[in-house]
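Q: Got a structure for you, query.cif, holding mmCIF, C-alpha atoms.
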data_protein
loop_
_atom_site.label_atom_id
_atom_site.label_comp_id
_atom_site.auth_asym_id
_atom_site.auth_seq_id
_atom_site.Cartn_x
_atom_site.Cartn_y
_atom_site.Cartn_z
CA MET A 898 0.00 0.00 0.00
CA VAL A 899 1.30 3.45 -0.91
CA GLU A 900 0.69 4.66 2.67
CA HIS A 901 3.42 2.27 3.86
CA ARG A 902 6.07 3.72 1.52
CA PRO A 903 7.08 6.46 4.00
CA GLY A 904 6.97 4.00 6.92
CA ALA A 905 3.59 5.01 8.31
CA GLU A 906 1.74 3.08 11.00
CA GLU A 907 -1.92 2.39 10.30
CA PRO A 908 -4.33 3.02 13.18
CA GLY A 909 -7.95 1.95 12.98
CA GLU A 910 -10.87 3.98 14.26
CA PRO A 911 -14.56 3.12 14.24
CA GLY A 912 -16.79 5.35 12.17
CA GLU A 913 -19.12 5.70 15.12
CA PRO A 914 -20.12 8.72 17.18
CA GLY A 915 -17.18 9.93 19.23
CA GLU A 916 -16.78 12.18 22.22
CA PRO A 917 -15.53 15.67 21.47
CA GLY A 918 -13.06 15.28 24.33
CA GLU A 919 -10.85 18.25 25.13
CA PRO A 920 -12.03 21.78 24.32
CA GLY A 921 -10.97 22.93 20.89
CA ASN A 922 -11.13 19.59 19.10
CA TRP A 923 -14.04 20.52 16.89
CA THR A 924 -14.15 24.29 17.30
CA HIS A 925 -12.90 24.97 13.80
CA SER A 926 -13.99 21.81 12.01
CA ASP A 927 -15.68 23.82 9.24
CA ASP A 928 -12.38 25.19 7.98
CA SER A 929 -9.86 22.60 9.04
CA CYS A 930 -11.04 19.60 7.09
CA LEU A 931 -10.90 18.59 3.49
CA GLY A 932 -13.98 19.87 1.72
CA GLY A 933 -15.38 21.99 4.55
CA GLY A 934 -18.75 21.37 6.17
CA ALA A 935 -19.93 21.21 9.75
CA ALA A 936 -19.99 18.22 12.06
CA PHE A 937 -23.04 16.03 12.63
CA ASN A 938 -24.35 16.60 16.16
CA LEU A 939 -26.03 13.50 17.50
CA PRO A 940 -28.43 14.01 20.42
CA VAL A 941 -28.26 10.94 22.64
CA ASP A 942 -29.88 10.02 25.92
CA GLU A 943 -26.80 9.39 28.04
CA PRO A 944 -26.83 9.41 31.86
CA ASP A 945 -23.69 11.51 31.98
CA GLY A 946 -25.13 14.11 29.60
CA GLU A 947 -22.17 13.88 27.21
CA ALA A 948 -22.60 15.18 23.67
CA TYR A 949 -21.59 12.90 20.82
CA ILE A 950 -20.77 13.67 17.22
CA LEU A 951 -19.72 11.83 14.09
CA LYS A 952 -16.12 12.82 13.53
CA PRO A 953 -15.61 15.49 10.87
CA MET A 954 -11.85 14.88 10.78
CA ASN A 955 -9.22 12.40 11.92
CA CYS A 956 -6.74 14.87 13.46
CA PRO A 957 -7.88 14.68 17.12
CA HIS A 958 -7.91 10.89 17.11
CA HIS A 959 -4.35 10.69 15.81
CA ILE A 960 -3.33 13.30 18.35
CA GLN A 961 -4.77 11.12 21.12
CA ILE A 962 -2.69 8.19 19.82
CA PHE A 963 0.43 10.35 20.06
CA LYS A 964 -0.52 11.44 23.60
CA ASN A 965 -1.27 7.91 24.72
CA GLU A 966 2.32 7.41 25.84
CA MET A 967 5.42 9.46 26.51
CA ARG A 968 7.33 9.96 23.26
CA SER A 969 11.07 10.25 22.75
CA TYR A 970 13.00 12.07 20.04
CA ARG A 971 13.95 8.57 18.87
CA ASP A 972 10.28 7.96 17.97
CA LEU A 973 10.19 10.88 15.55
CA PRO A 974 9.04 11.29 12.89
CA LEU A 975 5.98 9.32 14.05
CA ARG A 976 3.81 8.75 10.99
CA LEU A 977 0.17 7.68 11.36
CA ALA A 978 -1.89 6.99 8.23
CA GLU A 979 -5.32 5.49 7.67
CA PHE A 980 -8.28 5.43 5.34
CA GLY A 981 -10.63 7.18 7.76
CA THR A 982 -14.31 7.86 7.15
CA VAL A 983 -15.45 11.35 8.17
CA TYR A 984 -18.83 13.06 8.16
CA ARG A 985 -19.92 16.57 7.16
CA PHE A 986 -23.34 18.16 7.44
CA GLU A 987 -23.32 19.53 3.91
CA GLN A 988 -26.46 21.36 2.83
CA SER A 989 -28.58 19.32 0.42
CA GLY A 990 -28.13 21.88 -2.35
CA GLU A 991 -24.34 21.53 -2.09
CA LEU A 992 -24.27 17.75 -2.51
CA ASN A 993 -22.93 16.71 -5.90
CA GLY A 994 -22.64 13.00 -6.66
CA LEU A 995 -19.25 11.66 -5.60
CA LEU A 996 -17.69 15.12 -5.78
CA ARG A 997 -19.31 16.34 -2.56
CA THR A 998 -20.90 13.92 -0.11
CA ARG A 999 -21.92 13.89 3.54
CA ASP A 1000 -19.62 11.03 4.41
CA PHE A 1001 -16.41 10.15 2.64
CA THR A 1002 -13.12 8.37 3.17
CA VAL A 1003 -9.83 10.25 3.42
CA ASP A 1004 -6.36 8.77 2.95
CA ASP A 1005 -5.38 10.74 5.99
CA SER A 1006 -1.95 10.95 7.60
CA HIS A 1007 -0.56 12.94 10.51
CA ILE A 1008 3.16 13.10 11.09
CA PHE A 1009 4.62 14.19 14.42
CA LEU A 1010 8.20 15.39 14.24
CA ALA A 1011 10.87 17.66 15.63
CA SER A 1012 11.16 21.17 14.23
CA GLU A 1013 14.50 20.42 12.56
CA GLN A 1014 12.88 17.52 10.65
CA VAL A 1015 9.98 19.48 9.16
CA GLU A 1016 11.38 20.63 5.83
CA GLU A 1017 12.91 17.28 4.86
CA GLU A 1018 9.71 15.47 5.80
CA PHE A 1019 7.52 17.95 3.91
CA ILE A 1020 9.58 17.28 0.78
CA ARG A 1021 8.90 13.54 1.20
CA VAL A 1022 5.19 14.23 1.67
CA VAL A 1023 4.96 16.27 -1.53
CA GLU A 1024 7.00 13.73 -3.50
CA LEU A 1025 4.63 10.96 -2.36
CA ALA A 1026 1.62 12.97 -3.57
CA LEU A 1027 3.30 13.52 -6.94
CA PHE A 1028 4.05 9.78 -7.15
CA VAL A 1029 0.34 9.03 -6.64
CA PHE A 1030 -0.70 11.53 -9.32
CA ARG A 1031 1.82 10.08 -11.79
CA ALA A 1032 0.60 6.54 -11.07
CA LEU A 1033 -2.96 7.67 -11.82
CA HIS A 1034 -1.79 9.54 -14.95
CA LEU A 1035 -3.19 12.79 -13.54
CA SER A 1036 -0.66 15.39 -14.62
CA ASP A 1037 -2.95 18.37 -15.26
CA PHE A 1038 -3.16 19.87 -11.78
CA THR A 1039 -2.72 23.26 -10.19
CA ALA A 1040 -0.64 23.54 -7.02
CA ARG A 1041 -1.77 26.26 -4.63
CA VAL A 1042 0.05 27.50 -1.54
CA GLY A 1043 -2.54 28.74 0.93
CA LEU A 1044 -1.26 31.37 3.36
CA ARG A 1045 -2.85 33.16 6.29
CA ASP A 1046 -4.64 36.45 5.82
CA PRO A 1047 -3.18 38.57 8.65
CA ALA A 1048 -6.33 40.71 8.70
CA SER A 1049 -8.56 37.73 9.54
CA SER A 1050 -9.32 36.55 13.08
CA LYS A 1051 -10.20 32.97 12.13
CA TYR A 1052 -6.65 31.64 12.56
CA VAL A 1053 -5.11 30.33 15.77
CA GLY A 1054 -1.53 30.60 16.94
CA SER A 1055 1.23 33.15 17.13
CA ASP A 1056 2.72 35.16 14.29
CA GLU A 1057 6.03 33.40 14.93
CA ALA A 1058 4.48 29.94 14.47
CA TRP A 1059 2.76 31.02 11.26
CA ASP A 1060 5.93 32.58 9.88
CA LYS A 1061 7.88 29.36 10.49
CA ALA A 1062 5.21 27.14 8.93
CA GLN A 1063 4.79 29.35 5.88
CA ALA A 1064 8.56 29.53 5.39
CA VAL A 1065 8.78 25.72 5.31
CA ILE A 1066 6.19 25.41 2.54
CA MET A 1067 7.65 28.25 0.48
CA ASN A 1068 11.16 26.77 0.77
CA VAL A 1069 9.96 23.34 -0.34
CA VAL A 1070 7.91 24.45 -3.34
CA GLY A 1071 10.87 26.56 -4.42
CA LYS A 1072 13.04 23.42 -4.51
CA LEU A 1073 10.64 21.10 -6.33
CA ASP A 1074 9.93 21.04 -10.04
CA PHE A 1075 6.33 22.19 -10.48
CA SER A 1076 4.58 25.52 -10.87
CA TYR A 1077 2.34 26.89 -8.14
CA THR A 1078 0.29 29.88 -7.13
CA VAL A 1079 0.25 31.65 -3.77
CA GLU A 1080 -3.06 32.78 -2.31
CA LYS A 1081 -3.79 34.48 0.98
CA ALA A 1082 -6.76 33.42 3.09
CA GLU A 1083 -6.54 29.83 1.77
CA ALA A 1084 -4.73 28.44 4.83
CA GLY A 1085 -6.38 26.12 7.32
CA PHE A 1086 -7.24 27.67 10.66
CA TYR A 1087 -4.15 26.08 12.24
CA GLY A 1088 -1.55 26.33 9.48
CA PRO A 1089 -0.61 27.04 5.86
CA LYS A 1090 -1.05 24.34 3.25
CA LEU A 1091 -0.16 23.15 -0.21
CA ASP A 1092 -3.24 21.99 -2.13
CA PHE A 1093 -3.43 20.12 -5.42
CA LEU A 1094 -6.44 21.11 -7.53
CA PHE A 1095 -7.87 19.17 -10.47
CA ARG A 1096 -10.57 20.12 -12.98
CA ASP A 1097 -13.68 18.10 -13.75
CA ALA A 1098 -15.34 17.77 -17.16
CA LEU A 1099 -17.09 21.13 -16.64
CA GLY A 1100 -13.85 22.92 -15.89
CA ARG A 1101 -14.54 23.30 -12.17
CA GLN A 1102 -11.59 22.97 -9.80
CA TRP A 1103 -11.70 20.45 -6.96
CA GLN A 1104 -9.13 19.97 -4.24
CA LEU A 1105 -7.72 16.47 -3.94
CA GLY A 1106 -4.31 16.18 -2.28
CA THR A 1107 -3.18 18.49 0.49
CA ALA A 1108 -0.15 18.90 2.77
CA GLN A 1109 -0.21 21.22 5.77
CA VAL A 1110 2.37 22.36 8.31
CA ASP A 1111 0.99 22.86 11.80
CA TYR A 1112 2.75 24.40 14.79
CA ASN A 1113 -0.54 25.24 16.52
CA LEU A 1114 -2.48 22.05 17.28
CA PRO A 1115 0.51 20.57 19.15
CA GLU A 1116 0.35 23.69 21.33
CA ARG A 1117 -3.43 23.53 21.81
CA PHE A 1118 -3.29 19.85 22.75
CA ASP A 1119 -0.14 20.26 24.86
CA LEU A 1120 1.84 17.64 22.92
CA SER A 1121 5.43 16.96 23.92
CA TYR A 1122 8.31 14.55 23.52
CA ILE A 1123 11.53 14.04 25.45
CA GLY A 1124 14.48 15.43 23.53
CA GLU A 1125 18.08 14.26 23.47
CA ASP A 1126 18.74 16.74 26.29
CA GLY A 1127 16.20 15.01 28.55
CA GLN A 1128 13.83 17.99 28.41
CA ARG A 1129 10.29 18.23 27.06
CA HIS A 1130 9.93 19.72 23.59
CA ARG A 1131 6.94 20.63 21.47
CA PRO A 1132 6.57 18.59 18.26
CA VAL A 1133 5.34 19.89 14.92
CA MET A 1134 2.55 18.22 12.92
CA ILE A 1135 2.22 17.69 9.20
CA HIS A 1136 -1.27 16.87 7.96
CA ARG A 1137 -1.40 15.24 4.55
CA ALA A 1138 -3.73 13.40 2.19
CA ASN A 1139 -2.65 12.30 -1.27
CA CYS A 1140 -6.13 11.82 -2.71
CA GLY A 1141 -8.20 13.68 -0.13
CA SER A 1142 -11.71 12.33 -0.53
CA LEU A 1143 -11.41 8.94 -2.23
CA GLU A 1144 -14.94 9.37 -3.54
CA ARG A 1145 -13.97 12.68 -5.15
CA MET A 1146 -10.83 11.13 -6.59
CA ILE A 1147 -12.92 8.35 -8.16
CA ALA A 1148 -15.25 10.96 -9.67
CA ILE A 1149 -12.31 12.86 -11.19
CA LEU A 1150 -10.84 9.62 -12.56
CA LEU A 1151 -14.16 8.53 -14.07
CA GLU A 1152 -14.46 11.86 -15.84
CA HIS A 1153 -10.80 11.89 -16.85
CA TYR A 1154 -11.10 8.48 -18.53
CA ALA A 1155 -14.76 8.90 -19.62
CA GLY A 1156 -15.54 5.79 -17.56
CA ALA A 1157 -12.97 3.61 -19.34
CA LEU A 1158 -10.61 3.20 -16.40
CA PRO A 1159 -7.21 1.61 -17.07
CA ALA A 1160 -7.27 -2.13 -16.51
CA TRP A 1161 -5.37 -1.86 -13.22
CA LEU A 1162 -8.04 0.50 -11.83
CA ALA A 1163 -11.16 -1.11 -13.32
CA PRO A 1164 -13.48 -2.68 -10.70
CA VAL A 1165 -14.00 -5.65 -13.05
CA GLN A 1166 -10.96 -6.28 -15.22
CA VAL A 1167 -12.16 -9.35 -17.10
CA MET A 1168 -15.63 -10.58 -18.06
CA LEU A 1169 -15.76 -14.26 -18.97
CA ILE A 1170 -18.47 -15.13 -21.48
CA PRO A 1171 -19.29 -18.82 -21.97
CA ILE A 1172 -20.97 -19.39 -25.34
CA SER A 1173 -23.45 -21.85 -23.84
CA ASP A 1174 -24.23 -23.54 -20.55
CA ARG A 1175 -21.94 -26.48 -21.31
CA HIS A 1176 -18.98 -24.10 -21.37
CA ARG A 1177 -19.72 -22.75 -17.88
CA ALA A 1178 -17.37 -25.21 -16.15
CA TYR A 1179 -14.43 -24.15 -18.30
CA ALA A 1180 -15.29 -20.47 -17.77
CA ASP A 1181 -15.27 -21.04 -14.01
CA LYS A 1182 -11.91 -22.80 -14.29
CA VAL A 1183 -10.41 -19.86 -16.20
CA ALA A 1184 -11.88 -17.40 -13.68
CA ALA A 1185 -10.32 -19.34 -10.80
CA GLN A 1186 -6.88 -19.23 -12.45
CA LEU A 1187 -7.16 -15.49 -13.05
CA LYS A 1188 -8.20 -14.87 -9.45
CA LEU A 1189 -5.09 -16.73 -8.28
CA VAL A 1190 -2.93 -13.98 -9.83
CA GLY A 1191 -5.12 -11.19 -8.44
CA VAL A 1192 -7.27 -10.42 -11.48
CA ARG A 1193 -10.77 -9.10 -10.75
CA VAL A 1194 -12.98 -11.30 -12.90
CA GLU A 1195 -16.65 -12.16 -13.27
CA VAL A 1196 -18.46 -14.84 -15.28
CA ASP A 1197 -21.59 -13.77 -17.19
CA THR A 1198 -23.96 -16.69 -16.65
CA ARG A 1199 -27.12 -14.95 -17.85
CA ASN A 1200 -29.38 -16.65 -20.34
CA GLU A 1201 -28.51 -14.17 -23.08
CA ARG A 1202 -26.93 -14.40 -26.52
CA MET A 1203 -23.13 -14.11 -26.67
CA ASN A 1204 -23.25 -10.84 -28.64
CA ALA A 1205 -25.58 -9.29 -26.07
CA LYS A 1206 -23.17 -10.23 -23.27
CA ILE A 1207 -20.25 -8.72 -25.18
CA ARG A 1208 -22.19 -5.53 -25.81
CA ASP A 1209 -23.20 -5.23 -22.14
CA ALA A 1210 -19.60 -5.69 -21.00
CA GLN A 1211 -18.47 -2.99 -23.43
CA VAL A 1212 -21.14 -0.61 -22.13
CA GLN A 1213 -19.83 -1.29 -18.60
CA LYS A 1214 -16.30 -0.42 -19.85
CA VAL A 1215 -14.88 -3.80 -18.79
CA PRO A 1216 -11.35 -3.83 -20.30
CA TYR A 1217 -11.25 -7.48 -21.41
CA MET A 1218 -13.93 -9.94 -22.52
CA LEU A 1219 -12.93 -13.59 -22.76
CA VAL A 1220 -15.24 -15.72 -24.87
CA VAL A 1221 -14.94 -19.48 -24.32
CA GLY A 1222 -16.49 -22.34 -26.27
CA ASP A 1223 -15.61 -25.86 -27.40
CA LYS A 1224 -12.40 -24.84 -29.18
CA GLU A 1225 -11.08 -22.76 -26.28
CA ALA A 1226 -11.90 -25.48 -23.74
CA ALA A 1227 -10.11 -28.10 -25.82
CA GLU A 1228 -6.98 -25.96 -26.26
CA ASN A 1229 -6.88 -24.30 -22.81
CA ALA A 1230 -7.28 -20.98 -24.58
CA VAL A 1231 -9.48 -17.87 -24.53
CA ALA A 1232 -10.84 -15.66 -27.31
CA VAL A 1233 -9.96 -12.10 -26.32
CA ARG A 1234 -11.98 -9.00 -27.10
CA LEU A 1235 -11.29 -5.49 -25.87
CA ARG A 1236 -13.85 -2.93 -24.77
CA THR A 1237 -12.74 -0.89 -27.81
CA ASN A 1238 -14.40 -3.61 -29.94
CA GLU A 1239 -11.01 -4.89 -31.08
CA ASN A 1240 -10.97 -8.68 -31.51
CA LEU A 1241 -7.58 -10.17 -30.63
CA GLY A 1242 -8.73 -13.71 -31.42
CA ALA A 1243 -7.81 -16.87 -29.57
CA MET A 1244 -4.66 -17.12 -27.47
CA PRO A 1245 -3.36 -19.60 -24.90
CA LEU A 1246 -4.65 -18.81 -21.43
CA ALA A 1247 -1.07 -18.56 -20.14
CA ASN A 1248 -0.34 -15.82 -22.70
CA PHE A 1249 -3.37 -13.81 -21.63
CA VAL A 1250 -2.43 -14.16 -17.95
CA GLN A 1251 1.04 -12.84 -18.76
CA ARG A 1252 -0.45 -9.96 -20.76
CA ILE A 1253 -2.90 -8.73 -18.14
CA THR A 1254 -0.51 -9.13 -15.21
CA GLU A 1255 2.07 -7.01 -17.06
CA VAL A 1256 -0.55 -4.34 -17.84
CA VAL A 1257 -1.60 -4.21 -14.18
CA LYS A 1258 1.95 -4.31 -12.83
CA THR A 1259 3.08 -1.38 -14.99
CA ARG A 1260 -0.18 0.56 -14.45
CA SER A 1261 -0.42 0.93 -18.21
CA GLU A 1262 -3.23 2.89 -19.84
CA LYS A 1263 -2.98 0.56 -22.84
CA LEU A 1264 -4.69 -2.82 -23.04
#
What does the file become when written as structure tokens?

A:
Amino acid sequence: MVEHRPGAEEPGEPGEPGEPGEPGNWTHSDDSCLGGGAAFNLPVDEPDGEAYILKPMNCPHHIQIFKNEMRSYRDLPLRLAEFGTVYRFEQSGELNGLLRTRDFTVDDSHIFLASEQVEEEFIRVVELALFVFRALHLSDFTARVGLRDPASSKYVGSDEAWDKAQAVIMNVVGKLDFSYTVEKAEAGFYGPKLDFLFRDALGRQWQLGTAQVDYNLPERFDLSYIGEDGQRHRPVMIHRANCGSLERMIAILLEHYAGALPAWLAPVQVMLIPISDRHRAYADKVAAQLKLVGVRVEVDTRNERMNAKIRDAQVQKVPYMLVVGDKEAAENAVAVRLRTNENLGAMPLANFVQRITEVVKTRSEKL
């Protein structure tokens, strides 16, 4: 998993109502989270009178993991990463398919580190995001550095903390090879950020990846670690998500590829089409062999004509259709058709397995 590339630990949190806990956890949830939106308040009949909410962000939970034990400088950077579901009370008129939803999953990571580690780690964070975009063949993005508006009162923390955080981001984007814009008033309430924006089919920009430097939440939550000198020190946090909302990323990808996702991304990579019922056993055998090498495959067992099954699979944008009949069963072969309507003809099953595994391994856009 890409989250493990930087050595991140993966916590797990239930998507259930959670206690707000310490003051300040949710105070600024509208601005601090990917996509905006307020938290869901859940009235419950509890003897202790506690209020519960569905979490609008993962930050406080990861902070509690850090605080759960005394940390040493040897533990840093401590990287926590998870696919965490969060909830936002978006207005009904703002909901927009997969692009804006009331609950969504974020590839969320929070990195706790010493101040002298921040710039090097931020470079790694940005390089990981760029790796993800390259793997998805999404190269047409706009990078935006969001800074604080000094005239606004919505931000927390000292001028000194903001100056340090903003300097880190500006230094890093100056070293890396991509263009960017700088915009005031686009920072989170706790720190400046680098956002990656992508356009949909209508030309609208949507934020996907983000990386944020935060000197302020560690202060608000009184985080500390024991330094090499034996004294307590305040860590710095980096918040980052490569895709942001996975649902939004899927929407952008579907539009980018007009539904014809590359084979390695397609939910169903192969549709097996037995010509008649007597070929079902061989189709199941082929499907089992493909599943052994990790191919996502289905067998169309409907009582329909072969051409209708092929047409339906093409409409569903399934990359490969494998037609099997007497000849294929006798020769341990498959007749290969592509969703582009190209007929590759019969080939040994072993050859097709080699072909599709290579396409998936290399994340190729070609079939």

Q: Once the PyMOL selection byres ((chain A and resi 1082) around 7) has been applied to the shown file, what residues remain in the selection, as an mmCIF file with C-alpha atoms, in the frame of the given file?

A:
data_model
loop_
_atom_site.group_PDB
_atom_site.id
_atom_site.type_symbol
_atom_site.label_atom_id
_atom_site.label_comp_id
_atom_site.auth_asym_id
_atom_site.auth_seq_id
_atom_site.Cartn_x
_atom_site.Cartn_y
_atom_site.Cartn_z
ATOM 1 C CA GLY A 1043 -2.540 28.740 0.930
ATOM 2 C CA LEU A 1044 -1.260 31.370 3.360
ATOM 3 C CA ARG A 1045 -2.850 33.160 6.290
ATOM 4 C CA ASP A 1046 -4.640 36.450 5.820
ATOM 5 C CA GLU A 1080 -3.060 32.780 -2.310
ATOM 6 C CA LYS A 1081 -3.790 34.480 0.980
ATOM 7 C CA GLU A 1083 -6.540 29.830 1.770
ATOM 8 C CA ALA A 1084 -4.730 28.440 4.830
#

Q: Which residues come within 10 Å of Cys1140 of chain A, counting all atoms listed in the file, excluding same-chain residues fewer than 6 positions away, as a PyMOL selection string?

A: chain A and resi 1002-1005+1026+1029-1030+1093+1104-1107+1146-1147

Q: Grab the residues selected above and save them as a short mmCIF file (atom, residue, chain, number, x, y, z; two decimals), keeping the file's coordinate frame with C-alpha atoms.

A:
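part_21.cif written:
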data_model
loop_
_atom_site.label_atom_id
_atom_site.label_comp_id
_atom_site.auth_asym_id
_atom_site.auth_seq_id
_atom_site.Cartn_x
_atom_site.Cartn_y
_atom_site.Cartn_z
CA THR A 1002 -13.12 8.37 3.17
CA VAL A 1003 -9.83 10.25 3.42
CA ASP A 1004 -6.36 8.77 2.95
CA ASP A 1005 -5.38 10.74 5.99
CA ALA A 1026 1.62 12.97 -3.57
CA VAL A 1029 0.34 9.03 -6.64
CA PHE A 1030 -0.70 11.53 -9.32
CA PHE A 1093 -3.43 20.12 -5.42
CA GLN A 1104 -9.13 19.97 -4.24
CA LEU A 1105 -7.72 16.47 -3.94
CA GLY A 1106 -4.31 16.18 -2.28
CA THR A 1107 -3.18 18.49 0.49
CA MET A 1146 -10.83 11.13 -6.59
CA ILE A 1147 -12.92 8.35 -8.16
#

Q: Any chance you could resolve the PyMOL selection byres ((chain A and resi 1246) around 6) against this file and give the residues as number ranges by chain?

A: A: 1230-1231, 1245, 1247-1249

Q: In Å, rounded to a single decimal, give me how far atom CA of Ile1253 of chain A is from atom CA of Met1218 of chain A.

A: 11.9 Å

Q: Could you state the separation of atom CA of Leu1219 of chain A and atom CA of Ala1160 of chain A in Å, given to one decimal place?

A: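 Atom CA of Ala1160 of chain A lies 14.2 Å from atom CA of Leu1219 of chain A.
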
Q: Set out as a Markdown table a contact list for segment 1130-1151 of chain A and segment 955-978 of chain A with a cut-off of 12 Å, giving each residue of segment 1130-1151 of chain A that qualifies its closest atom pair and distance in Å to one decimal, counting only C-alpha atoms, ordered by chain and rising residue number.

A:
| residue | atom | partner | partner_atom | distance |
| --- | --- | --- | --- | --- |
| A:His1130 | CA | A:Tyr970 | CA | 9.0 |
| A:Arg1131 | CA | A:Tyr970 | CA | 10.6 |
| A:Pro1132 | CA | A:Leu973 | CA | 8.9 |
| A:Val1133 | CA | A:Pro974 | CA | 9.6 |
| A:Met1134 | CA | A:Ile960 | CA | 9.4 |
| A:Ile1135 | CA | A:Arg976 | CA | 9.3 |
| A:His1136 | CA | A:Cys956 | CA | 8.0 |
| A:Arg1137 | CA | A:Ala978 | CA | 9.0 |
| A:Ala1138 | CA | A:Ala978 | CA | 9.0 |
| A:Asn1139 | CA | A:Ala978 | CA | 10.9 |

Q: Any idea what the distance is between atom CA of Thr1198 of chain A and atom CA of Glu1225 of chain A?

A: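 Those two atoms sit 17.2 Å apart.
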
Q: Taking (-7.8, 28.2, 15.6) in the file's own coordinates, collect the residues within 7 Å, counting all atoms listed in the file, and hand them back as a PyMOL selection string.

A: chain A and resi 925+1051-1054+1086-1087

Q: For His1034 of chain A, find every residue with an atom within 10 Å (counting all atoms listed in the file), except residues of its own chain fewer than 4 positions away, and show them as a short mmCIF file (atom, residue, chain, number, x, y, z; two decimals) with C-alpha atoms, in the coordinates of the input.

A:
data_model
loop_
_atom_site.label_atom_id
_atom_site.label_comp_id
_atom_site.auth_asym_id
_atom_site.auth_seq_id
_atom_site.Cartn_x
_atom_site.Cartn_y
_atom_site.Cartn_z
CA PHE A 1028 4.05 9.78 -7.15
CA VAL A 1029 0.34 9.03 -6.64
CA PHE A 1030 -0.70 11.53 -9.32
CA LEU A 1150 -10.84 9.62 -12.56
CA HIS A 1153 -10.80 11.89 -16.85
CA PRO A 1159 -7.21 1.61 -17.07
CA ARG A 1260 -0.18 0.56 -14.45
CA SER A 1261 -0.42 0.93 -18.21
CA GLU A 1262 -3.23 2.89 -19.84
#

Q: Which polymer residues have any atom within 10 Å of an atom of Val1212 of chain A, counting all atoms listed in the file, with same-chain residues fewer than 5 positions away left out, as a PyMOL selection string?

A: chain A and resi 1156-1157+1206-1207+1236

Q: Pick out the closest residue to Arg1021 of chain A from this set: A:Ile1123, A:Gly1085, A:Ile1008, A:Ile1149. Count all atoms listed in the file.

A: A:Ile1008

Q: Given the file above and the PyMOL selection byres ((chain A and resi 1216) around 12), which residues are selected, and can you give them as a CSV table (one decimal) with C-alpha atoms, in the frame of the given file?

A:
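File out_35.csv, as written:
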chain,number,residue,atom,x,y,z
A,1156,GLY,CA,-15.5,5.8,-17.6
A,1157,ALA,CA,-13.0,3.6,-19.3
A,1158,LEU,CA,-10.6,3.2,-16.4
A,1159,PRO,CA,-7.2,1.6,-17.1
A,1160,ALA,CA,-7.3,-2.1,-16.5
A,1161,TRP,CA,-5.4,-1.9,-13.2
A,1162,LEU,CA,-8.0,0.5,-11.8
A,1163,ALA,CA,-11.2,-1.1,-13.3
A,1164,PRO,CA,-13.5,-2.7,-10.7
A,1165,VAL,CA,-14.0,-5.6,-13.0
A,1166,GLN,CA,-11.0,-6.3,-15.2
A,1167,VAL,CA,-12.2,-9.4,-17.1
A,1168,MET,CA,-15.6,-10.6,-18.1
A,1169,LEU,CA,-15.8,-14.3,-19.0
A,1192,VAL,CA,-7.3,-10.4,-11.5
A,1193,ARG,CA,-10.8,-9.1,-10.8
A,1194,VAL,CA,-13.0,-11.3,-12.9
A,1207,ILE,CA,-20.2,-8.7,-25.2
A,1210,ALA,CA,-19.6,-5.7,-21.0
A,1211,GLN,CA,-18.5,-3.0,-23.4
A,1212,VAL,CA,-21.1,-0.6,-22.1
A,1213,GLN,CA,-19.8,-1.3,-18.6
A,1214,LYS,CA,-16.3,-0.4,-19.8
A,1215,VAL,CA,-14.9,-3.8,-18.8
A,1217,TYR,CA,-11.2,-7.5,-21.4
A,1218,MET,CA,-13.9,-9.9,-22.5
A,1219,LEU,CA,-12.9,-13.6,-22.8
A,1233,VAL,CA,-10.0,-12.1,-26.3
A,1234,ARG,CA,-12.0,-9.0,-27.1
A,1235,LEU,CA,-11.3,-5.5,-25.9
A,1236,ARG,CA,-13.8,-2.9,-24.8
A,1237,THR,CA,-12.7,-0.9,-27.8
A,1238,ASN,CA,-14.4,-3.6,-29.9
A,1239,GLU,CA,-11.0,-4.9,-31.1
A,1253,ILE,CA,-2.9,-8.7,-18.1
A,1256,VAL,CA,-0.6,-4.3,-17.8
A,1257,VAL,CA,-1.6,-4.2,-14.2
A,1262,GLU,CA,-3.2,2.9,-19.8
A,1263,LYS,CA,-3.0,0.6,-22.8
A,1264,LEU,CA,-4.7,-2.8,-23.0

Q: Please provide the set of residues having any atom within 9 Å of Arg999 of chain A, restricted to only C-alpha atoms, with same-chain residues fewer than 3 positions apart removed, written as a VMD selection string.

A: chain A and resid 934 983 to 988 992

Q: Just C-alpha atoms for this one: save the residues we selected as a PDB file, in the frame of the given file.

A:
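Generated file (out.pdb):
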ATOM      1  CA  GLY A 934     -18.750  21.370   6.170  1.00  0.00           C
ATOM      2  CA  VAL A 983     -15.450  11.350   8.170  1.00  0.00           C
ATOM      3  CA  TYR A 984     -18.830  13.060   8.160  1.00  0.00           C
ATOM      4  CA  ARG A 985     -19.920  16.570   7.160  1.00  0.00           C
ATOM      5  CA  PHE A 986     -23.340  18.160   7.440  1.00  0.00           C
ATOM      6  CA  GLU A 987     -23.320  19.530   3.910  1.00  0.00           C
ATOM      7  CA  GLN A 988     -26.460  21.360   2.830  1.00  0.00           C
ATOM      8  CA  LEU A 992     -24.270  17.750  -2.510  1.00  0.00           C
TER       9      LEU A 992
END

Q: Near Tyr1077 of chain A, within 12 Å and counting only C-alpha atoms, which residues show up once chain neighbours fewer than 5 positions away are dropped, as a short mmCIF file (atom, residue, chain, number, x, y, z; two decimals) with C-alpha atoms, in the frame of the given file?

A:
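Dumped everything to result.cif:
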data_model
loop_
_atom_site.label_atom_id
_atom_site.label_comp_id
_atom_site.auth_asym_id
_atom_site.auth_seq_id
_atom_site.Cartn_x
_atom_site.Cartn_y
_atom_site.Cartn_z
CA PHE A 1038 -3.16 19.87 -11.78
CA THR A 1039 -2.72 23.26 -10.19
CA ALA A 1040 -0.64 23.54 -7.02
CA ARG A 1041 -1.77 26.26 -4.63
CA VAL A 1042 0.05 27.50 -1.54
CA GLY A 1043 -2.54 28.74 0.93
CA ILE A 1066 6.19 25.41 2.54
CA MET A 1067 7.65 28.25 0.48
CA VAL A 1069 9.96 23.34 -0.34
CA VAL A 1070 7.91 24.45 -3.34
CA GLY A 1071 10.87 26.56 -4.42
CA LYS A 1072 13.04 23.42 -4.51
CA LEU A 1091 -0.16 23.15 -0.21
CA ASP A 1092 -3.24 21.99 -2.13
CA PHE A 1093 -3.43 20.12 -5.42
CA LEU A 1094 -6.44 21.11 -7.53
#
